>>> print(open('input_11.pdb').read())   # PDB, C-alpha atoms and all ligand atoms
ATOM      1  CA  MET A   1     -29.627 -48.225 -86.343
ATOM      2  CA  ASN A   2     -29.512 -51.469 -88.364
ATOM      3  CA  THR A   3     -28.299 -54.488 -86.427
ATOM      4  CA  ASN A   4     -26.052 -56.958 -88.197
ATOM      5  CA  ASN A   5     -23.364 -58.138 -85.788
ATOM      6  CA  ILE A   6     -24.468 -59.341 -82.356
ATOM      7  CA  VAL A   7     -22.321 -60.402 -79.409
ATOM      8  CA  ILE A   8     -24.129 -62.022 -76.480
ATOM      9  CA  LEU A   9     -22.470 -62.676 -73.112
ATOM     10  CA  THR A  10     -24.130 -65.144 -70.758
ATOM     11  CA  GLY A  11     -23.410 -65.888 -67.104
ATOM     12  CA  ALA A  12     -24.622 -68.180 -64.349
ATOM     13  CA  GLY A  13     -28.013 -66.404 -64.143
ATOM     14  CA  ILE A  14     -29.157 -67.900 -67.446
ATOM     15  CA  SER A  15     -28.763 -71.414 -66.043
ATOM     16  CA  ALA A  16     -30.194 -70.634 -62.585
ATOM     17  CA  GLU A  17     -33.700 -71.672 -63.654
ATOM     18  CA  SER A  18     -32.211 -74.951 -64.904
ATOM     19  CA  GLY A  19     -31.232 -75.668 -61.302
ATOM     20  CA  LEU A  20     -27.528 -74.771 -61.565
ATOM     21  CA  LYS A  21     -26.320 -72.568 -58.709
ATOM     22  CA  THR A  22     -25.016 -69.073 -59.388
ATOM     23  CA  PHE A  23     -21.754 -68.016 -57.756
ATOM     24  CA  ARG A  24     -22.584 -64.900 -55.802
ATOM     25  CA  ALA A  25     -26.314 -64.990 -55.066
ATOM     26  CA  GLU A  26     -26.170 -67.262 -52.062
ATOM     27  CA  ASP A  27     -23.268 -67.458 -49.642
ATOM     28  CA  GLY A  28     -20.691 -68.166 -52.382
ATOM     29  CA  LEU A  29     -19.542 -71.202 -50.432
ATOM     30  CA  TRP A  30     -19.153 -74.865 -51.326
ATOM     31  CA  GLU A  31     -18.820 -77.192 -48.327
ATOM     32  CA  ASN A  32     -17.770 -74.081 -46.344
ATOM     33  CA  HIS A  33     -14.972 -73.203 -48.775
ATOM     34  CA  PRO A  34     -15.122 -69.869 -50.631
ATOM     35  CA  VAL A  35     -15.434 -70.607 -54.369
ATOM     36  CA  GLU A  36     -12.258 -68.566 -54.927
ATOM     37  CA  GLU A  37     -10.419 -71.145 -52.805
ATOM     38  CA  VAL A  38     -11.401 -74.055 -55.057
ATOM     39  CA  ALA A  39     -11.391 -72.227 -58.398
ATOM     40  CA  THR A  40      -7.699 -71.268 -58.432
ATOM     41  CA  PRO A  41      -4.487 -73.052 -59.509
ATOM     42  CA  GLU A  42      -3.182 -72.429 -55.960
ATOM     43  CA  GLY A  43      -6.259 -74.115 -54.471
ATOM     44  CA  PHE A  44      -5.728 -77.089 -56.768
ATOM     45  CA  ALA A  45      -2.031 -77.355 -55.836
ATOM     46  CA  ARG A  46      -2.916 -77.134 -52.120
ATOM     47  CA  ASP A  47      -5.741 -79.673 -52.108
ATOM     48  CA  PRO A  48      -6.305 -81.456 -55.445
ATOM     49  CA  ASP A  49      -8.783 -83.913 -53.945
ATOM     50  CA  LEU A  50     -11.042 -81.097 -52.725
ATOM     51  CA  VAL A  51     -10.989 -79.363 -56.121
ATOM     52  CA  GLN A  52     -11.569 -82.624 -58.038
ATOM     53  CA  ARG A  53     -14.569 -83.387 -55.781
ATOM     54  CA  PHE A  54     -15.978 -79.897 -56.382
ATOM     55  CA  TYR A  55     -15.819 -80.373 -60.166
ATOM     56  CA  ASP A  56     -16.992 -84.016 -60.018
ATOM     57  CA  GLU A  57     -20.115 -82.666 -58.315
ATOM     58  CA  ARG A  58     -20.482 -79.814 -60.823
ATOM     59  CA  ARG A  59     -20.132 -82.303 -63.725
ATOM     60  CA  ALA A  60     -22.921 -84.460 -62.279
ATOM     61  CA  ASN A  61     -25.129 -81.362 -61.814
ATOM     62  CA  ILE A  62     -24.561 -80.294 -65.429
ATOM     63  CA  LEU A  63     -25.552 -83.736 -66.703
ATOM     64  CA  ALA A  64     -28.737 -83.653 -64.598
ATOM     65  CA  ALA A  65     -29.784 -80.125 -65.666
ATOM     66  CA  GLN A  66     -32.111 -79.312 -68.557
ATOM     67  CA  PRO A  67     -32.045 -76.171 -70.727
ATOM     68  CA  ASN A  68     -34.705 -73.555 -69.992
ATOM     69  CA  PRO A  69     -36.632 -71.185 -72.307
ATOM     70  CA  ALA A  70     -33.758 -68.674 -72.256
ATOM     71  CA  HIS A  71     -31.287 -71.196 -73.717
ATOM     72  CA  GLU A  72     -33.928 -72.299 -76.231
ATOM     73  CA  ALA A  73     -34.594 -68.729 -77.360
ATOM     74  CA  LEU A  74     -30.895 -68.000 -77.935
ATOM     75  CA  ALA A  75     -30.573 -71.204 -79.978
ATOM     76  CA  ARG A  76     -33.556 -70.023 -82.091
ATOM     77  CA  LEU A  77     -31.829 -66.691 -82.614
ATOM     78  CA  ASP A  78     -28.564 -68.404 -83.576
ATOM     79  CA  ALA A  79     -30.376 -70.595 -86.113
ATOM     80  CA  SER A  80     -32.298 -67.755 -87.724
ATOM     81  CA  TRP A  81     -29.823 -64.840 -87.595
ATOM     82  CA  ASP A  82     -28.184 -64.278 -90.995
ATOM     83  CA  GLY A  83     -25.766 -61.684 -89.688
ATOM     84  CA  GLU A  84     -22.760 -62.339 -87.478
ATOM     85  CA  LEU A  85     -23.442 -63.624 -83.995
ATOM     86  CA  LEU A  86     -21.139 -64.802 -81.224
ATOM     87  CA  LEU A  87     -22.537 -66.307 -78.035
ATOM     88  CA  VAL A  88     -19.791 -65.959 -75.444
ATOM     89  CA  THR A  89     -20.614 -67.859 -72.289
ATOM     90  CA  GLN A  90     -18.830 -67.740 -68.943
ATOM     91  CA  ASN A  91     -20.738 -70.895 -68.039
ATOM     92  CA  ILE A  92     -19.148 -74.301 -68.045
ATOM     93  CA  ASP A  93     -22.428 -76.128 -68.684
ATOM     94  CA  ASP A  94     -23.464 -77.284 -72.160
ATOM     95  CA  LEU A  95     -27.067 -76.040 -72.047
ATOM     96  CA  HIS A  96     -26.650 -73.639 -74.998
ATOM     97  CA  GLU A  97     -25.362 -76.482 -77.196
ATOM     98  CA  ARG A  98     -28.009 -78.921 -76.000
ATOM     99  CA  CYS A  99     -30.637 -76.600 -77.528
ATOM    100  CA  GLY A 100     -28.733 -76.563 -80.807
ATOM    101  CA  ALA A 101     -26.815 -73.272 -80.523
ATOM    102  CA  LYS A 102     -23.738 -73.454 -82.766
ATOM    103  CA  ARG A 103     -21.909 -70.143 -82.459
ATOM    104  CA  VAL A 104     -20.946 -70.673 -78.793
ATOM    105  CA  LEU A 105     -17.598 -69.868 -77.172
ATOM    106  CA  HIS A 106     -16.855 -71.066 -73.610
ATOM    107  CA  MET A 107     -14.444 -68.443 -72.322
ATOM    108  CA  HIS A 108     -14.113 -70.091 -68.840
ATOM    109  CA  GLY A 109     -13.803 -73.668 -70.137
ATOM    110  CA  GLU A 110     -16.210 -76.574 -70.109
ATOM    111  CA  GLY A 111     -17.361 -78.774 -67.253
ATOM    112  CA  LEU A 112     -17.575 -81.844 -69.482
ATOM    113  CA  SER A 113     -14.006 -81.451 -70.737
ATOM    114  CA  VAL A 114     -10.845 -82.510 -68.918
ATOM    115  CA  TRP A 115      -7.277 -81.517 -69.705
ATOM    116  CA  CYS A 116      -4.198 -83.702 -69.340
ATOM    117  CA  GLN A 117      -1.339 -81.708 -67.827
ATOM    118  CA  SER A 118       1.139 -84.260 -69.122
ATOM    119  CA  CYS A 119       0.350 -84.511 -72.857
ATOM    120  CA  ASP A 120      -1.989 -81.477 -73.245
ATOM    121  CA  ALA A 121      -4.855 -83.605 -74.662
ATOM    122  CA  ARG A 122      -8.446 -82.674 -73.872
ATOM    123  CA  HIS A 123     -11.180 -85.280 -73.452
ATOM    124  CA  TYR A 124     -14.966 -85.208 -73.240
ATOM    125  CA  TRP A 125     -15.580 -86.541 -69.708
ATOM    126  CA  THR A 126     -18.761 -87.373 -67.824
ATOM    127  CA  GLY A 127     -17.292 -89.388 -64.934
ATOM    128  CA  THR A 128     -15.213 -88.427 -61.939
ATOM    129  CA  LEU A 129     -11.555 -87.362 -61.637
ATOM    130  CA  ARG A 130     -11.061 -87.727 -57.870
ATOM    131  CA  ASP A 131     -10.272 -91.445 -58.301
ATOM    132  CA  GLY A 132      -7.274 -90.514 -60.504
ATOM    133  CA  PRO A 133      -8.085 -91.998 -63.928
ATOM    134  CA  ALA A 134      -5.218 -92.242 -66.427
ATOM    135  CA  CYS A 135      -5.242 -90.042 -69.528
ATOM    136  CA  PRO A 136      -6.620 -92.132 -72.447
ATOM    137  CA  VAL A 137      -3.858 -90.751 -74.707
ATOM    138  CA  CYS A 138      -0.626 -90.834 -72.648
ATOM    139  CA  GLY A 139      -1.606 -93.029 -69.682
ATOM    140  CA  GLU A 140      -0.392 -90.516 -67.080
ATOM    141  CA  VAL A 141      -2.531 -89.632 -64.055
ATOM    142  CA  ALA A 142      -2.445 -85.885 -64.643
ATOM    143  CA  MET A 143      -5.905 -84.745 -65.660
ATOM    144  CA  ARG A 144      -7.553 -81.603 -64.289
ATOM    145  CA  PRO A 145     -10.878 -79.936 -65.070
ATOM    146  CA  ASP A 146     -10.690 -77.906 -68.313
ATOM    147  CA  ILE A 147     -11.761 -74.779 -66.447
ATOM    148  CA  VAL A 148     -10.303 -71.276 -66.388
ATOM    149  CA  TRP A 149      -9.492 -70.500 -62.786
ATOM    150  CA  PHE A 150      -8.729 -67.106 -61.244
ATOM    151  CA  GLY A 151      -5.359 -65.872 -62.458
ATOM    152  CA  GLU A 152      -5.538 -67.950 -65.662
ATOM    153  CA  MET A 153      -6.144 -66.546 -69.134
ATOM    154  CA  PRO A 154      -9.701 -67.119 -70.426
ATOM    155  CA  TYR A 155     -10.045 -68.874 -73.784
ATOM    156  CA  GLU A 156     -10.062 -67.103 -77.162
ATOM    157  CA  MET A 157      -9.786 -63.542 -75.871
ATOM    158  CA  GLU A 158      -8.507 -62.252 -79.215
ATOM    159  CA  ARG A 159     -11.513 -63.660 -81.060
ATOM    160  CA  ILE A 160     -13.889 -62.213 -78.457
ATOM    161  CA  PHE A 161     -12.406 -58.702 -78.477
ATOM    162  CA  GLU A 162     -12.350 -58.767 -82.278
ATOM    163  CA  ALA A 163     -16.049 -59.692 -82.427
ATOM    164  CA  ILE A 164     -16.925 -56.977 -79.882
ATOM    165  CA  SER A 165     -14.973 -54.358 -81.820
ATOM    166  CA  ARG A 166     -17.187 -55.055 -84.855
ATOM    167  CA  CYS A 167     -20.563 -55.609 -83.167
ATOM    168  CA  ASP A 168     -23.489 -53.218 -83.317
ATOM    169  CA  LEU A 169     -25.400 -54.876 -80.495
ATOM    170  CA  PHE A 170     -23.952 -56.279 -77.257
ATOM    171  CA  VAL A 171     -26.281 -58.127 -74.907
ATOM    172  CA  SER A 172     -25.327 -59.340 -71.434
ATOM    173  CA  ILE A 173     -27.544 -61.944 -69.766
ATOM    174  CA  GLY A 174     -27.470 -63.202 -66.168
ATOM    175  CA  THR A 175     -24.041 -62.074 -65.071
ATOM    176  CA  SER A 176     -23.087 -60.020 -62.003
ATOM    177  CA  GLY A 177     -20.276 -58.103 -63.718
ATOM    178  CA  ALA A 178     -17.936 -59.057 -60.870
ATOM    179  CA  VAL A 179     -15.342 -61.048 -62.818
ATOM    180  CA  TYR A 180     -12.924 -59.657 -65.397
ATOM    181  CA  PRO A 181     -12.239 -59.615 -68.305
ATOM    182  CA  ALA A 182     -15.916 -60.423 -69.067
ATOM    183  CA  ALA A 183     -17.076 -57.542 -66.832
ATOM    184  CA  GLY A 184     -15.221 -55.113 -69.120
ATOM    185  CA  PHE A 185     -16.816 -56.274 -72.383
ATOM    186  CA  VAL A 186     -19.655 -53.755 -72.152
ATOM    187  CA  GLN A 187     -17.178 -50.861 -72.093
ATOM    188  CA  GLU A 188     -15.395 -52.320 -75.127
ATOM    189  CA  ALA A 189     -18.752 -52.521 -76.902
ATOM    190  CA  ASN A 190     -19.512 -48.910 -75.965
ATOM    191  CA  ARG A 191     -16.159 -47.857 -77.391
ATOM    192  CA  ALA A 192     -17.073 -49.721 -80.610
ATOM    193  CA  GLY A 193     -20.278 -47.653 -80.831
ATOM    194  CA  ALA A 194     -22.567 -50.660 -80.250
ATOM    195  CA  ARG A 195     -25.934 -50.491 -78.536
ATOM    196  CA  THR A 196     -25.679 -52.292 -75.177
ATOM    197  CA  LEU A 197     -28.477 -54.160 -73.432
ATOM    198  CA  GLU A 198     -28.465 -55.979 -70.097
ATOM    199  CA  LEU A 199     -31.004 -58.673 -69.127
ATOM    200  CA  ASN A 200     -30.636 -59.657 -65.468
ATOM    201  CA  LEU A 201     -32.622 -60.466 -62.364
ATOM    202  CA  GLU A 202     -31.227 -57.414 -60.573
ATOM    203  CA  ARG A 203     -28.957 -54.516 -61.381
ATOM    204  CA  SER A 204     -25.349 -55.668 -61.734
ATOM    205  CA  ALA A 205     -22.039 -54.024 -60.865
ATOM    206  CA  GLY A 206     -21.826 -52.692 -64.432
ATOM    207  CA  SER A 207     -25.470 -51.731 -65.074
ATOM    208  CA  HIS A 208     -24.615 -48.057 -65.460
ATOM    209  CA  PHE A 209     -22.482 -48.880 -68.522
ATOM    210  CA  PHE A 210     -25.469 -50.234 -70.494
ATOM    211  CA  ASP A 211     -27.784 -48.205 -72.711
ATOM    212  CA  GLU A 212     -30.678 -50.268 -71.372
ATOM    213  CA  THR A 213     -31.213 -52.703 -68.486
ATOM    214  CA  ARG A 214     -34.271 -54.953 -68.270
ATOM    215  CA  LEU A 215     -34.870 -56.689 -64.952
ATOM    216  CA  GLY A 216     -36.526 -60.094 -64.524
ATOM    217  CA  PRO A 217     -35.897 -63.824 -64.876
ATOM    218  CA  ALA A 218     -33.958 -64.878 -67.977
ATOM    219  CA  SER A 219     -36.619 -67.464 -68.880
ATOM    220  CA  GLU A 220     -39.026 -64.550 -69.524
ATOM    221  CA  LEU A 221     -36.775 -61.685 -70.639
ATOM    222  CA  VAL A 222     -34.694 -63.620 -73.170
ATOM    223  CA  PRO A 223     -37.571 -65.134 -75.205
ATOM    224  CA  GLU A 224     -39.238 -61.680 -75.248
ATOM    225  CA  TRP A 225     -36.090 -59.995 -76.494
ATOM    226  CA  VAL A 226     -35.351 -62.711 -79.087
ATOM    227  CA  GLY A 227     -38.932 -62.345 -80.340
ATOM    228  CA  GLU A 228     -38.329 -58.606 -80.867
ATOM    229  CA  VAL A 229     -35.065 -59.222 -82.746
ATOM    230  CA  ILE A 230     -36.322 -62.006 -84.994
ATOM    231  CA  ASP A 231     -39.506 -60.111 -85.864
TER     232      ASP A 231
HETATM  233  C1  LIG B   1     -30.326 -64.127 -62.894
HETATM  234  C2  LIG B   1     -31.168 -65.174 -62.546
HETATM  235  C3  LIG B   1     -32.226 -65.449 -63.426
HETATM  236  C4  LIG B   1     -29.686 -64.987 -61.011
HETATM  237  N1  LIG B   1     -32.383 -64.726 -64.544
HETATM  238  N2  LIG B   1     -30.495 -63.419 -63.996
HETATM  239  C5  LIG B   1      -8.902 -56.780 -59.433
HETATM  240  C6  LIG B   1      -9.562 -55.987 -60.359
HETATM  241  C7  LIG B   1      -9.903 -56.474 -61.618
HETATM  242  C8  LIG B   1      -9.607 -57.780 -61.978
HETATM  243  C9  LIG B   1      -8.954 -58.568 -61.060
HETATM  244  C10 LIG B   1      -8.601 -58.091 -59.814
HETATM  245  N3  LIG B   1      -7.980 -59.084 -59.125
HETATM  246  C11 LIG B   1      -7.958 -60.187 -59.924
HETATM  247  C12 LIG B   1      -8.539 -59.887 -61.105
HETATM  248  C13 LIG B   1      -8.753 -60.793 -62.269
HETATM  249  C14 LIG B   1      -9.779 -61.863 -61.960
HETATM  250  C15 LIG B   1     -11.060 -61.214 -61.437
HETATM  251  O1  LIG B   1     -11.885 -60.711 -62.181
HETATM  252  N4  LIG B   1     -11.264 -61.248 -60.129
HETATM  253  C16 LIG B   1     -12.448 -60.626 -59.537
HETATM  254  C17 LIG B   1     -12.891 -61.449 -58.353
HETATM  255  C18 LIG B   1     -12.130 -59.187 -59.210
HETATM  256  N5  LIG B   1     -10.039 -62.529 -63.209
HETATM  257  C19 LIG B   1      -9.291 -63.553 -63.623
HETATM  258  O2  LIG B   1      -8.387 -64.001 -62.943
HETATM  259  C20 LIG B   1      -9.569 -64.079 -65.017
HETATM  260  N6  LIG B   1      -8.356 -64.106 -65.752
HETATM  261  C21 LIG B   1      -7.708 -62.974 -66.080
HETATM  262  O3  LIG B   1      -8.091 -61.876 -65.725
HETATM  263  O4  LIG B   1      -6.593 -63.183 -66.860
HETATM  264  C22 LIG B   1      -5.800 -62.033 -67.212
HETATM  265  C23 LIG B   1      -6.311 -61.250 -68.385
HETATM  266  C24 LIG B   1      -5.906 -59.960 -68.559
HETATM  267  C25 LIG B   1      -6.378 -59.196 -69.619
HETATM  268  C26 LIG B   1      -7.229 -59.742 -70.565
HETATM  269  C27 LIG B   1      -7.593 -61.044 -70.411
HETATM  270  C28 LIG B   1      -7.151 -61.787 -69.311
HETATM  271  C29 LIG B   1     -10.098 -65.497 -64.943
HETATM  272  C30 LIG B   1     -11.460 -65.541 -64.360
HETATM  273  C31 LIG B   1     -11.916 -66.986 -64.207
HETATM  274  C32 LIG B   1     -13.298 -67.064 -63.575
HETATM  275  N7  LIG B   1     -13.555 -68.384 -63.208
HETATM  276  C33 LIG B   1     -14.862 -68.707 -62.602
HETATM  277  C34 LIG B   1     -14.820 -70.175 -62.092
HETATM  278  C35 LIG B   1     -14.583 -71.141 -63.192
HETATM  279  C36 LIG B   1     -15.837 -71.671 -63.828
HETATM  280  C37 LIG B   1     -16.615 -72.575 -62.917
HETATM  281  O5  LIG B   1     -16.061 -73.211 -62.004
HETATM  282  O6  LIG B   1     -17.821 -72.630 -63.143
HETATM  283  O7  LIG B   1     -15.930 -68.491 -63.518
HETATM  284  S1  LIG B   1     -15.276 -67.659 -61.230
HETATM  285  C38 LIG B   1     -16.982 -67.628 -61.532
HETATM  286  O8  LIG B   1     -17.389 -66.245 -61.793
HETATM  287  C39 LIG B   1     -17.201 -68.407 -62.844
HETATM  288  C40 LIG B   1     -18.146 -67.498 -63.587
HETATM  289  O9  LIG B   1     -18.070 -67.756 -64.974
HETATM  290  C41 LIG B   1     -17.694 -66.122 -63.187
HETATM  291  C42 LIG B   1     -18.740 -65.046 -63.395
HETATM  292  O10 LIG B   1     -19.855 -65.276 -62.592
HETATM  293  P1  LIG B   1     -21.311 -64.933 -63.148
HETATM  294  O11 LIG B   1     -21.625 -65.806 -64.290
HETATM  295  O12 LIG B   1     -21.446 -63.489 -63.365
HETATM  296  O13 LIG B   1     -22.232 -65.447 -61.926
HETATM  297  P2  LIG B   1     -22.677 -64.640 -60.606
HETATM  298  O14 LIG B   1     -23.155 -65.635 -59.627
HETATM  299  O15 LIG B   1     -21.633 -63.712 -60.154
HETATM  300  O16 LIG B   1     -23.900 -63.727 -61.091
HETATM  301  C43 LIG B   1     -25.125 -64.288 -61.523
HETATM  302  C44 LIG B   1     -26.054 -63.160 -61.948
HETATM  303  O17 LIG B   1     -27.241 -63.737 -62.472
HETATM  304  C45 LIG B   1     -26.470 -62.237 -60.799
HETATM  305  O18 LIG B   1     -26.361 -60.873 -61.220
HETATM  306  C46 LIG B   1     -27.942 -62.594 -60.561
HETATM  307  O19 LIG B   1     -28.735 -61.493 -60.171
HETATM  308  C47 LIG B   1     -28.366 -63.081 -61.923
HETATM  309  N8  LIG B   1     -29.464 -64.066 -61.916
HETATM  310  N9  LIG B   1     -30.832 -65.729 -61.367
HETATM  311  C48 LIG B   1     -31.577 -63.746 -64.814
HETATM  312  N10 LIG B   1     -33.182 -66.474 -63.183
END
>>> encode(input="input_11.pdb", output="structure tokens")
Amino acid sequence: MNTNNIVILTGAGISAESGLKTFRAEDGLWENHPVEEVATPEGFARDPDLVQRFYDERRANILAAQPNPAHEALARLDASWDGELLLVTQNIDDLHERCGAKRVLHMHGEGLSVWCQSCDARHYWTGTLRDGPACPVCGEVAMRPDIVWFGEMPYEMERIFEAISRCDLFVSIGTSGAVYPAAGFVQEANRAGARTLELNLERSAGSHFFDETRLGPASELVPEWVGEVID
């Protein structure tokens, strides 16, 4: 089958070799708090200082991390692929963009973006929020991380489902398949008649939905696969 339209989904596993922690591989805790406790609107309402500190730390980690060969390979694919391509990432880091990838969509938000709850402006932000900086646009102290928490609607779902409905190849990289709606994308791609490929360190919750699963570190599997596609 000829491949023209590609949708790629990436998760925390692609950035693991850049030193950014995955969510479920270790104990899933941050300072003894389950991640679900800090990554929810309820958690933020209950203890804003805790949640701001969590994301201040994540922001600093993102800035310190460097892309790895998997990010570089996907950027090469993006630059050379004449057909349609959408790189949907669940990650809040900017490692895809730092390699030059252009067709990137951050469905769970961005760690280096903050969102003013008072005037709705978004700002590129590399500093902290726990000290309560005022919004540069409206002056109110009402900024939160621009992150999609549990119970909130991920970004650009219509555009994602539309791209999946037209793709002929769907590739999932470094994600456990534990969080919806991203975990359901493979079934949407199957319904669309696309070929489905999973690249992951270990079998995921949704492995049985894929036509093919390749196991190994993303820094090896992704450059190999991109080499096959470009050639
Ligand atoms: C490697 C590797 C290496 C390691 N190389 N691989 C009951 C049933 C179904 C759904 C629900 C339910 N109850 C509630 C829900 C909905 C809920 C949900 O899914 N909950 C689950 C816990 C069940 N989802 C939501 O609330 C979402 N919103 C929503 O559903 O809105 C309604 C809606 C309806 C219909 C259509 C559309 C919308 C919002 C989800 C928001 C997720 N937010 C987080 C945190 C924010 C970002 C941040 O702080 O960074 O996003 S949670 C966290 O999980 C983060 C991640 O993006 C996300 C996915 O994790 P990921 O990337 O898969 O990481 P891991 O750690 O799980 O896996 C890493 C994988 O890599 C592993 O497999 C490793 O083996 C592998 N790996 N090293 C290759 N070197």
>>> axis_aligned_box(input="input_11.pdb", around="ligand LIG 1 (chain B)", padding_each_side="4 Å", output="lines of an AutoDock Vina configuration file")
center_x = -19.5
center_y = -64.6
center_z = -64.5
size_x = 35.4
size_y = 25.2
size_z = 20.2
>>> residues_near_ligand(input="input_11.pdb", ligand="ligand LIG 1 (chain B)", cutoff="7 Å", atoms="all atoms listed in the file", output="PyMOL selection string")
chain A and resi 10-14+16-17+22-25+39+90-92+108-109+147-154+157+173-181+199-204+216-219
>>> resolve_selection(input="input_11.pdb", expression="the PyMOL selection byres (((chain A and resi 80) around 12) and not hetatm)", output="list in words")
Ala73, Leu74, Ala75, Arg76, Leu77, Asp78, Ala79, Trp81, Asp82, Gly83, Glu84, Leu85, Gly100, Ala101, Lys102, Arg103, Val226, Gly227, Val229, Ile230 and Asp231 of chain A
>>> atom_distance(input="input_11.pdb", atom1="atom CA of Gln66 of chain A", atom2="atom CA of Arg130 of chain A")
25.1 Å
>>> residues_near_point(input="input_11.pdb", point="(-20.2, -51.4, -75.9)", cutoff="12 Å", atoms="only C-alpha atoms", output="PyMOL selection string")
chain A and resi 6-9+161+163-172+183-198+206+208-212
>>> atom_distance(input="input_11.pdb", atom1="atom CA of Leu86 of chain A", atom2="atom CA of Asn5 of chain A")
8.4 Å
>>> residues_around(input="input_11.pdb", residues="Pro136 of chain A", least_positions_apart="6", cutoff="10 Å", atoms="all atoms listed in the file", output="ChimeraX atom specification")
/A:116,121-123
>>> atom_distance(input="input_11.pdb", atom1="atom CA of Leu105 of chain A", atom2="atom CA of Glu228 of chain A")
23.9 Å
>>> residues_near_point(input="input_11.pdb", point="(-17.9, -90.0, -60.9)", cutoff="12 Å", atoms="all atoms listed in the file", output="PyMOL selection string")
chain A and resi 52-61+63+112+125-133
>>> resolve_selection(input="input_11.pdb", expression="the PyMOL selection byres (((chain A and resi 146) around 7) and not hetatm)", output="PyMOL selection string")
chain A and resi 109-111+113-115+144-145+147-148
>>> build_atoms(input="input_11.pdb", residues="segment 134-146 of chain A", atoms="N, CA, C and O atoms", output="PDB file, in the coordinates of the input")
ATOM      1  N   ALA A 134      -6.352 -92.544 -65.547  1.00  0.00           N
ATOM      2  CA  ALA A 134      -5.218 -92.242 -66.427  1.00  0.00           C
ATOM      3  C   ALA A 134      -5.729 -91.559 -67.695  1.00  0.00           C
ATOM      4  O   ALA A 134      -6.844 -91.816 -68.145  1.00  0.00           O
ATOM      5  N   CYS A 135      -4.903 -90.703 -68.268  1.00  0.00           N
ATOM      6  CA  CYS A 135      -5.242 -90.042 -69.528  1.00  0.00           C
ATOM      7  C   CYS A 135      -5.356 -91.108 -70.629  1.00  0.00           C
ATOM      8  O   CYS A 135      -4.440 -91.924 -70.793  1.00  0.00           O
ATOM      9  N   PRO A 136      -6.447 -91.123 -71.390  1.00  0.00           N
ATOM     10  CA  PRO A 136      -6.620 -92.132 -72.447  1.00  0.00           C
ATOM     11  C   PRO A 136      -5.559 -92.037 -73.537  1.00  0.00           C
ATOM     12  O   PRO A 136      -5.326 -92.993 -74.260  1.00  0.00           O
ATOM     13  N   VAL A 137      -4.879 -90.897 -73.661  1.00  0.00           N
ATOM     14  CA  VAL A 137      -3.858 -90.751 -74.707  1.00  0.00           C
ATOM     15  C   VAL A 137      -2.476 -91.163 -74.196  1.00  0.00           C
ATOM     16  O   VAL A 137      -1.814 -92.025 -74.775  1.00  0.00           O
ATOM     17  N   CYS A 138      -2.015 -90.592 -73.062  1.00  0.00           N
ATOM     18  CA  CYS A 138      -0.626 -90.834 -72.648  1.00  0.00           C
ATOM     19  C   CYS A 138      -0.513 -91.781 -71.452  1.00  0.00           C
ATOM     20  O   CYS A 138       0.591 -92.208 -71.102  1.00  0.00           O
ATOM     21  N   GLY A 139      -1.640 -92.072 -70.792  1.00  0.00           N
ATOM     22  CA  GLY A 139      -1.606 -93.029 -69.682  1.00  0.00           C
ATOM     23  C   GLY A 139      -1.168 -92.435 -68.350  1.00  0.00           C
ATOM     24  O   GLY A 139      -1.164 -93.126 -67.329  1.00  0.00           O
ATOM     25  N   GLU A 140      -0.812 -91.143 -68.344  1.00  0.00           N
ATOM     26  CA  GLU A 140      -0.392 -90.516 -67.080  1.00  0.00           C
ATOM     27  C   GLU A 140      -1.633 -90.137 -66.248  1.00  0.00           C
ATOM     28  O   GLU A 140      -2.700 -89.853 -66.790  1.00  0.00           O
ATOM     29  N   VAL A 141      -1.449 -90.102 -64.931  1.00  0.00           N
ATOM     30  CA  VAL A 141      -2.531 -89.632 -64.055  1.00  0.00           C
ATOM     31  C   VAL A 141      -2.268 -88.143 -63.805  1.00  0.00           C
ATOM     32  O   VAL A 141      -1.561 -87.773 -62.864  1.00  0.00           O
ATOM     33  N   ALA A 142      -2.770 -87.313 -64.713  1.00  0.00           N
ATOM     34  CA  ALA A 142      -2.445 -85.885 -64.643  1.00  0.00           C
ATOM     35  C   ALA A 142      -3.570 -85.032 -65.214  1.00  0.00           C
ATOM     36  O   ALA A 142      -3.326 -83.981 -65.790  1.00  0.00           O
ATOM     37  N   MET A 143      -4.811 -85.502 -65.049  1.00  0.00           N
ATOM     38  CA  MET A 143      -5.905 -84.745 -65.660  1.00  0.00           C
ATOM     39  C   MET A 143      -6.560 -83.804 -64.651  1.00  0.00           C
ATOM     40  O   MET A 143      -6.803 -84.168 -63.506  1.00  0.00           O
ATOM     41  N   ARG A 144      -6.851 -82.595 -65.111  1.00  0.00           N
ATOM     42  CA  ARG A 144      -7.553 -81.603 -64.289  1.00  0.00           C
ATOM     43  C   ARG A 144      -8.791 -81.137 -65.055  1.00  0.00           C
ATOM     44  O   ARG A 144      -8.883 -81.327 -66.274  1.00  0.00           O
ATOM     45  N   PRO A 145      -9.732 -80.506 -64.356  1.00  0.00           N
ATOM     46  CA  PRO A 145     -10.878 -79.936 -65.070  1.00  0.00           C
ATOM     47  C   PRO A 145     -10.392 -78.912 -66.100  1.00  0.00           C
ATOM     48  O   PRO A 145      -9.427 -78.174 -65.843  1.00  0.00           O
ATOM     49  N   ASP A 146     -11.060 -78.856 -67.249  1.00  0.00           N
ATOM     50  CA  ASP A 146     -10.690 -77.906 -68.313  1.00  0.00           C
ATOM     51  C   ASP A 146     -11.440 -76.594 -68.063  1.00  0.00           C
ATOM     52  O   ASP A 146     -12.333 -76.206 -68.812  1.00  0.00           O
TER      53      ASP A 146
END
